[in-house]
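Engineer: I'm passing along start-v6.cif; it holds mmCIF, C-alpha atoms; chains and numbers go by the auth columns.
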data_target
#
loop_
_atom_site.group_PDB
_atom_site.id
_atom_site.type_symbol
_atom_site.label_atom_id
_atom_site.label_comp_id
_atom_site.label_asym_id
_atom_site.label_seq_id
_atom_site.Cartn_x
_atom_site.Cartn_y
_atom_site.Cartn_z
_atom_site.B_iso_or_equiv
_atom_site.auth_seq_id
_atom_site.auth_asym_id
ATOM 1 C CA LYS A 1 -5.935 19.610 4.962 0.00 1 A
ATOM 2 C CA VAL A 2 -6.241 16.371 6.905 0.00 2 A
ATOM 3 C CA ASN A 3 -8.240 16.660 10.082 0.00 3 A
ATOM 4 C CA ASP A 4 -5.750 15.768 12.854 0.00 4 A
ATOM 5 C CA GLU A 5 -8.542 14.763 15.233 0.00 5 A
ATOM 6 C CA VAL A 6 -9.938 12.220 12.753 0.00 6 A
ATOM 7 C CA VAL A 7 -6.432 10.863 12.091 0.00 7 A
ATOM 8 C CA GLU A 8 -5.885 10.315 15.834 0.00 8 A
ATOM 9 C CA LEU A 9 -9.247 8.561 16.213 0.00 9 A
ATOM 10 C CA LEU A 10 -8.432 6.268 13.303 0.00 10 A
ATOM 11 C CA LYS A 11 -4.991 5.450 14.736 0.00 11 A
ATOM 12 C CA LYS A 12 -6.520 4.665 18.144 0.00 12 A
ATOM 13 C CA ALA A 13 -9.004 2.351 16.400 0.00 13 A
ATOM 14 C CA GLY A 14 -6.091 0.439 14.853 0.00 14 A
ATOM 15 C CA ALA A 15 -5.930 2.045 11.407 0.00 15 A
ATOM 16 C CA VAL A 16 -2.475 2.041 9.854 0.00 16 A
ATOM 17 C CA PRO A 17 -1.582 4.728 7.306 0.00 17 A
ATOM 18 C CA PRO A 18 -0.234 3.515 3.963 0.00 18 A
ATOM 19 C CA LEU A 19 3.504 3.034 3.785 0.00 19 A
ATOM 20 C CA ASP A 20 5.262 5.974 2.170 0.00 20 A
ATOM 21 C CA VAL A 21 7.670 4.780 -0.543 0.00 21 A
ATOM 22 C CA ASP A 22 10.194 7.395 -1.711 0.00 22 A
ATOM 23 C CA ALA A 23 9.784 8.951 -5.164 0.00 23 A
ATOM 24 C CA ALA A 24 13.116 7.605 -6.464 0.00 24 A
ATOM 25 C CA THR A 25 12.016 4.025 -5.732 0.00 25 A
ATOM 26 C CA LEU A 26 8.589 4.566 -7.306 0.00 26 A
ATOM 27 C CA ASP A 27 10.279 5.978 -10.411 0.00 27 A
ATOM 28 C CA THR A 28 12.055 2.636 -10.924 0.00 28 A
ATOM 29 C CA TYR A 29 8.610 0.958 -11.187 0.00 29 A
ATOM 30 C CA VAL A 30 7.175 3.419 -13.742 0.00 30 A
ATOM 31 C CA GLY A 31 6.809 1.978 -17.240 0.00 31 A
ATOM 32 C CA LYS A 32 4.816 -0.307 -19.490 0.00 32 A
ATOM 33 C CA TYR A 33 4.496 -4.020 -18.721 0.00 33 A
ATOM 34 C CA LYS A 34 2.980 -6.886 -20.704 0.00 34 A
ATOM 35 C CA SER A 35 1.753 -10.349 -19.685 0.00 35 A
ATOM 36 C CA GLU A 36 2.273 -13.553 -21.682 0.00 36 A
ATOM 37 C CA GLN A 37 -1.430 -13.297 -22.602 0.00 37 A
ATOM 38 C CA GLY A 38 -0.817 -9.859 -24.146 0.00 38 A
ATOM 39 C CA THR A 39 -2.439 -7.688 -21.464 0.00 39 A
ATOM 40 C CA GLU A 40 -0.635 -4.348 -21.106 0.00 40 A
ATOM 41 C CA ILE A 41 -0.458 -2.371 -17.868 0.00 41 A
ATOM 42 C CA THR A 42 1.111 1.068 -17.648 0.00 42 A
ATOM 43 C CA VAL A 43 2.454 2.123 -14.246 0.00 43 A
ATOM 44 C CA SER A 44 2.831 5.864 -13.632 0.00 44 A
ATOM 45 C CA ARG A 45 2.966 8.346 -10.804 0.00 45 A
ATOM 46 C CA ASN A 46 2.434 11.996 -10.015 0.00 46 A
ATOM 47 C CA GLU A 47 3.139 13.921 -6.809 0.00 47 A
ATOM 48 C CA LYS A 48 0.254 12.294 -4.933 0.00 48 A
ATOM 49 C CA ARG A 49 -0.605 9.019 -6.637 0.00 49 A
ATOM 50 C CA PHE A 50 0.927 5.775 -7.871 0.00 50 A
ATOM 51 C CA ILE A 51 -1.274 4.452 -10.677 0.00 51 A
ATOM 52 C CA ALA A 52 -1.704 1.282 -12.739 0.00 52 A
ATOM 53 C CA ARG A 53 -3.797 1.345 -15.896 0.00 53 A
ATOM 54 C CA VAL A 54 -4.822 -1.637 -17.983 0.00 54 A
ATOM 55 C CA THR A 55 -5.134 -0.541 -21.614 0.00 55 A
ATOM 56 C CA GLY A 56 -8.718 0.657 -22.181 0.00 56 A
ATOM 57 C CA GLN A 57 -9.653 0.620 -18.471 0.00 57 A
ATOM 58 C CA PRO A 58 -9.922 3.355 -15.811 0.00 58 A
ATOM 59 C CA PRO A 59 -6.793 3.945 -13.690 0.00 59 A
ATOM 60 C CA ILE A 60 -6.292 2.083 -10.418 0.00 60 A
ATOM 61 C CA VAL A 61 -4.613 4.045 -7.614 0.00 61 A
ATOM 62 C CA LEU A 62 -2.184 1.836 -5.675 0.00 62 A
ATOM 63 C CA MET A 63 -0.861 2.075 -2.122 0.00 63 A
ATOM 64 C CA ALA A 64 2.227 0.394 -0.733 0.00 64 A
ATOM 65 C CA THR A 65 2.106 -2.424 1.788 0.00 65 A
ATOM 66 C CA ASP A 66 5.908 -2.678 1.686 0.00 66 A
ATOM 67 C CA LYS A 67 8.654 -1.302 -0.564 0.00 67 A
ATOM 68 C CA VAL A 68 7.821 -3.602 -3.516 0.00 68 A
ATOM 69 C CA THR A 69 4.214 -4.649 -2.828 0.00 69 A
ATOM 70 C CA PHE A 70 1.118 -2.591 -3.616 0.00 70 A
ATOM 71 C CA LYS A 71 -2.647 -2.993 -3.561 0.00 71 A
ATOM 72 C CA PRO A 72 -5.510 -0.896 -4.913 0.00 72 A
ATOM 73 C CA VAL A 73 -6.756 1.867 -2.622 0.00 73 A
ATOM 74 C CA ALA A 74 -10.405 1.391 -3.613 0.00 74 A
ATOM 75 C CA PHE A 75 -10.848 -2.403 -3.322 0.00 75 A
ATOM 76 C CA ASP A 76 -9.302 -5.660 -2.091 0.00 76 A
ATOM 77 C CA GLY A 77 -8.326 -8.824 -3.890 0.00 77 A
ATOM 78 C CA ILE A 78 -5.373 -7.668 -6.003 0.00 78 A
ATOM 79 C CA VAL A 79 -1.697 -7.555 -5.015 0.00 79 A
ATOM 80 C CA VAL A 80 1.073 -6.208 -7.265 0.00 80 A
ATOM 81 C CA THR A 81 4.661 -7.187 -6.360 0.00 81 A
ATOM 82 C CA PHE A 82 7.520 -5.571 -8.297 0.00 82 A
ATOM 83 C CA LYS A 83 10.619 -7.685 -9.003 0.00 83 A
ATOM 84 C CA PRO A 84 13.795 -5.557 -8.865 0.00 84 A
ATOM 85 C CA GLN A 85 17.000 -6.918 -10.399 0.00 85 A
ATOM 86 C CA GLY A 86 19.880 -4.732 -9.317 0.00 86 A
ATOM 87 C CA ASP A 87 18.864 -1.099 -9.776 0.00 87 A
ATOM 88 C CA LYS A 88 16.202 -1.910 -12.384 0.00 88 A
ATOM 89 C CA VAL A 89 12.712 -3.394 -12.173 0.00 89 A
ATOM 90 C CA THR A 90 12.141 -5.892 -14.987 0.00 90 A
ATOM 91 C CA SER A 91 8.743 -7.316 -14.043 0.00 91 A
ATOM 92 C CA PHE A 92 5.933 -7.537 -11.536 0.00 92 A
ATOM 93 C CA GLU A 93 3.600 -10.276 -10.377 0.00 93 A
ATOM 94 C CA LEU A 94 -0.106 -9.538 -10.228 0.00 94 A
ATOM 95 C CA GLN A 95 -2.080 -11.770 -7.894 0.00 95 A
ATOM 96 C CA GLN A 96 -5.865 -11.690 -8.079 0.00 96 A
ATOM 97 C CA GLY A 97 -7.300 -14.198 -5.622 0.00 97 A
ATOM 98 C CA PRO A 98 -5.501 -17.504 -6.273 0.00 98 A
ATOM 99 C CA THR A 99 -4.449 -16.491 -9.802 0.00 99 A
ATOM 100 C CA LYS A 100 -0.946 -15.110 -10.412 0.00 100 A
ATOM 101 C CA SER A 101 0.246 -13.448 -13.640 0.00 101 A
ATOM 102 C CA MET A 102 3.727 -12.191 -14.496 0.00 102 A
ATOM 103 C CA PHE A 103 4.121 -8.901 -16.361 0.00 103 A
ATOM 104 C CA THR A 104 7.452 -8.113 -18.022 0.00 104 A
ATOM 105 C CA ARG A 105 8.676 -4.560 -18.662 0.00 105 A
ATOM 106 C CA VAL A 106 8.372 -3.443 -22.273 0.00 106 A
ATOM 107 C CA GLU A 107 11.342 -1.244 -23.225 0.00 107 A
#
Let me see the structure of the file written as structure tokens.
Structural biologist:
Amino acid sequence: KVNDEVVELLKKAGAVPPLDVDAATLDTYVGKYKSEQGTEITVSRNEKRFIARVTGQPPIVLMATDKVTFKPVAFDGIVVTFKPQGDKVTSFELQQGPTKSMFTRVE
């Protein structure tokens, strides 16, 4: 259980809770993506977490900054932006510092 008193103190100090993106939207992002360089990232979710995993690496828990943009919970410097086309997401852009890479959904 979240301590309501701590939550209020954090809000008063200017903390902003992560944006809550609905499950149906997150489900459209779930899948396997591959970069032109051959790096594969699998995006998944469970009831509490939205997760990206580079093949062979530990999972990275993501939090939303808006409906299509996410960043890791544990560290800064990476931004993932999903690219919806109609009702389907076909790719995402991963920005790490000044470097941007496009990942395309693998069907």
Engineer: Quick one, how far is CA of Glu36 (chain A) from CA of Pro84 (chain A)?
Structural biologist: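 Computing the Euclidean distance for CA of Glu36 (chain A) and CA of Pro84 (chain A) yields 19.0 Å.
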Engineer: Which residue out of A:Thr55, A:Gln37, A:Gln95, A:Asn46 has the minimum interatomic distance to Thr69 (chain A) when only C-alpha atoms are used?
Structural biologist: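 Among A:Thr55, A:Gln37, A:Gln95, A:Asn46, it is A:Gln95 that comes nearest to Thr69 (chain A).
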Engineer: Using Å and a single decimal, report how far CA of Thr25 (chain A) sits from CA of Glu40 (chain A).
Structural biologist: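 According to the coordinates, CA of Glu40 (chain A) and CA of Thr25 (chain A) are separated by 21.6 Å.
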Engineer: Any idea what's packed within 12 Å of Lys48 (chain A), counting all atoms listed in the file, ignoring anything in its chain fewer than 2 positions away? Could you give it as a VMD selection string?
Structural biologist: chain A and resid 20 to 23 26 44 to 46 50 to 51 61 to 63
Engineer: To one decimal in Å, tell me the separation between CA of Glu93 (chain A) and CA of Asp76 (chain A).
Structural biologist: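 Those two atoms sit 16.0 Å apart.
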Engineer: Taking only C-alpha atoms into account, which of A:Glu47, A:Val79, A:Ala64, A:Tyr33 comes nearest Glu107 (chain A)?
Structural biologist: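 Distance minimum relative to Glu107 (chain A) lands on A:Tyr33.
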Engineer: Mind telling me what the PyMOL selection byres ((chain A and resi 42) around 10) catches here, as a VMD selection string?
Structural biologist: chain A and resid 29 to 34 40 to 41 43 to 44 51 to 55 59 105 to 106
Engineer: Looking at all atoms listed in the file, which of A:Gly56, A:Thr39, A:Thr65, A:Gly77 is the one that sits closest to Pro98 (chain A)?
Structural biologist: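 For Pro98 (chain A), the nearest of the candidates is A:Gly77.
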Engineer: For region 82-101 of chain A, what centre and edge lengths in Å (one decimal) does the axis-aligned box get once 4 Å is added on each side of all its listed atoms, as AutoDock Vina command-line options?
Structural biologist:
--center_x 6.3 --center_y -9.3 --center_z -10.3 --size_x 35.2 --size_y 24.4 --size_z 17.4
Engineer: Around the point (18.9, -0.4, -9.2) (coordinates from the file), which residues reach within 12 Å if we count only C-alpha atoms? Answer as a PDB file with C-alpha atoms, keeping the file's coordinate frame.
Structural biologist:
ATOM      1  CA  ALA A  24      13.116   7.605  -6.464  1.00  0.00           C
ATOM      2  CA  THR A  25      12.016   4.025  -5.732  1.00  0.00           C
ATOM      3  CA  LEU A  26       8.589   4.566  -7.306  1.00  0.00           C
ATOM      4  CA  ASP A  27      10.279   5.978 -10.411  1.00  0.00           C
ATOM      5  CA  THR A  28      12.055   2.636 -10.924  1.00  0.00           C
ATOM      6  CA  TYR A  29       8.610   0.958 -11.187  1.00  0.00           C
ATOM      7  CA  LYS A  83      10.619  -7.685  -9.003  1.00  0.00           C
ATOM      8  CA  PRO A  84      13.795  -5.557  -8.865  1.00  0.00           C
ATOM      9  CA  GLN A  85      17.000  -6.918 -10.399  1.00  0.00           C
ATOM     10  CA  GLY A  86      19.880  -4.732  -9.317  1.00  0.00           C
ATOM     11  CA  ASP A  87      18.864  -1.099  -9.776  1.00  0.00           C
ATOM     12  CA  LYS A  88      16.202  -1.910 -12.384  1.00  0.00           C
ATOM     13  CA  VAL A  89      12.712  -3.394 -12.173  1.00  0.00           C
ATOM     14  CA  THR A  90      12.141  -5.892 -14.987  1.00  0.00           C
TER      15      THR A  90
END
Engineer: Find, counting only C-alpha atoms, the residue in A:Ser91, A:Ile60, A:Thr104, A:Ser35 that gets nearest to Ile78 (chain A).
Structural biologist: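 When distances to Ile78 (chain A) are compared using only C-alpha atoms, the smallest one comes from A:Ile60.
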